[in-house]
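Heads up, the thing below is written out as structure tokens.
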Amino acid sequence: MPDFSPTEYAVPGFIALILIEIMWAWRKNPHAYEARDTLVSLSFGLGSTVAGLAFGGFALAVFLKTYEYRLFDIGWAWWAWPLCFVLDDLKYYWVHRAGHRIRWMWAAHVNHHSSQHYNLSTALRQTWTGAFTFGLVFALPLALLGFHPVMLAICGGFNLIYQFWIHTEAIDKMPRWFEAVMNTPSHHRVHHATNPRYLDRNYAGVFIVWDKLFGTFEAETKDETIRYGIVRQLGSFNLLWAVFHEWIGMLEDIWRAPWKHKLSYLLREPGWTHDNSRQTSDMIRRDWVERTQSDAQSSAAKPVARRNPIESKGEAA
Amino acid sequence: MTMLRHGICKPMEPTGFLVQFLVSLLAIAALAALTYWLKLGSAPTLASHDDARRFADQAVSGFDAVDCAIDQDGHGAIMSDAHGRLLVLRPHGSRYVGRIVEGSAVVHADEERLLIDLGEKRFGPISLTVGDPQIWVDAHQRLKSQNHA
């Protein structure tokens, strides 16, 4: 049985690449980094390793127990590795999708999205509270199928390492064949965007084909500047607030909600409320589509000078 | 990126982990200090009403500002839309954050300064130097009246 943790070996590489990207930002894009944001992102990364150490034992025990009831003895055959990697990435797609569509899961995953910057340090904004969700359940079928938990951990580690380099604005597009199959900086910028057209899109880890297959793919367009972060930006560099704000918000909502709606605040999508006082990403996108279509229709119908109702002072809307 | 990645790897020796933790902490401090030293991500300033409106729409999708006052140093703005809603923008690092000013917020004028407390502890109070802050205090009063009506 291999005894190897790829992410441990990758850490010096992560730091070196961040250093290179900081130099790129200094020369080409000074707003790509911000000192306090970088500090929070990297602290998230460090804290997540402590959380992994503190709570990982439980996950290990569950995986090993599940493996005892495996359907097949896959073992350590060479062909099992690529198969495990692909199936683990498929699992990642679904756990990640759940991370955006179920508020309980989002409470842990929001950490990764709460930066208004998109750089390699953002990649290290890893959750501290994943152990308090049910994300583990998505991986259990693989152990039940017969993939050893260590093989799953190693494949997961390489998946994580792959995803590091795609958190950058320094790379525009990869070759066309690569963009078609693999997750890339361009595809993942879309995932981190809060523009209505991009909300809840591109959940892929390594292979973008899952999004194309399951109808969640959106290509990056040059027509619209991407803004990063979350729908309601944090507005704070307080690390502990960044870690726990969604958990606190969710628990407050559950506490205040009428009994029949309490569970919905846990299991429905972020932004859902029983009184429609907030918006989900689907609502935001629907309203944006309606506004865009309405603007297009009125532009076609009205003379040029009257196309913009708030342009009376000579300013664009 | 995902959760549960670290949990099922081999446990590390406590001393080894402590050394790695301290080295990582030093690396983090060094990288953050470098970004600060290189003056990356300086605070933004709002240059025009167009900018303010664009950032408002980004902060609250569909917020279509019809009136706008920018802080005299460009450190934020307050806007209203056709429905009488108010939105305040302030810098956050090198970006902007915006919030709808609810009726429950405390808004008052102090000479040329407009002071807004959204009641959101982590967001903090906002102070904008605008031409006539009383206009916005009145707009907020109207908003409160609408909410009570």
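Residue numbering restarts at 1 in every chain; chains get A, B, ... in the order shown in the structure tokens, and ligands count up from 1 in that same order.
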Practice task
Please report, as a VMD selection string, each residue of segment 26-214 of chain A to which DSSP assigns alpha helix (DSSP H) when run on this structure's backbone.
Solution key: chain A and resid 26 to 28 35 to 68 80 to 101 103 to 109 120 to 123 136 to 145 149 to 164 176 to 181 185 to 192 209 to 214
Practice task
When you get a sec, could you note down which chain A residues fall within 7 Å of chain B, using only C-alpha atoms, as a ChimeraX atom specification?
Solution key: /A:5,22,26,30-35,38-39,42,49,52-53,55-57,59-60,96,127,130-131,136,150,153,156-157,160,163,233,235-236,288,310,315-317
Handout entry: Shell of 9 Å around Phe63 of chain B, only C-alpha atoms, local chain residues under 6 positions omitted, as an MDAnalysis selection string
Key = chainID B and resid 53 56:57 80:81 85 87
Please produce an output containing C-alpha atoms for each residue in the selection, written as a PDB file, in the first residue's frame.
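Saved result, out.pdb, follows:
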ATOM      1  CA  ARG B  53     -23.436  53.196 -11.034  1.00  0.00           C
ATOM      2  CA  ALA B  56     -23.683  49.613  -7.636  1.00  0.00           C
ATOM      3  CA  ASP B  57     -25.099  47.245 -10.243  1.00  0.00           C
ATOM      4  CA  SER B  80     -30.889  55.982  -5.065  1.00  0.00           C
ATOM      5  CA  ASP B  81     -32.923  54.143  -7.675  1.00  0.00           C
ATOM      6  CA  ARG B  85     -34.025  52.373  -2.562  1.00  0.00           C
ATOM      7  CA  LEU B  87     -27.342  51.905  -1.888  1.00  0.00           C
TER       8      LEU B  87
END
Exercise for the section: Report the residues of chain B whose backbone DSSP state falls under strand (DSSP E or B), written as a count of residues only. Expected result: 39
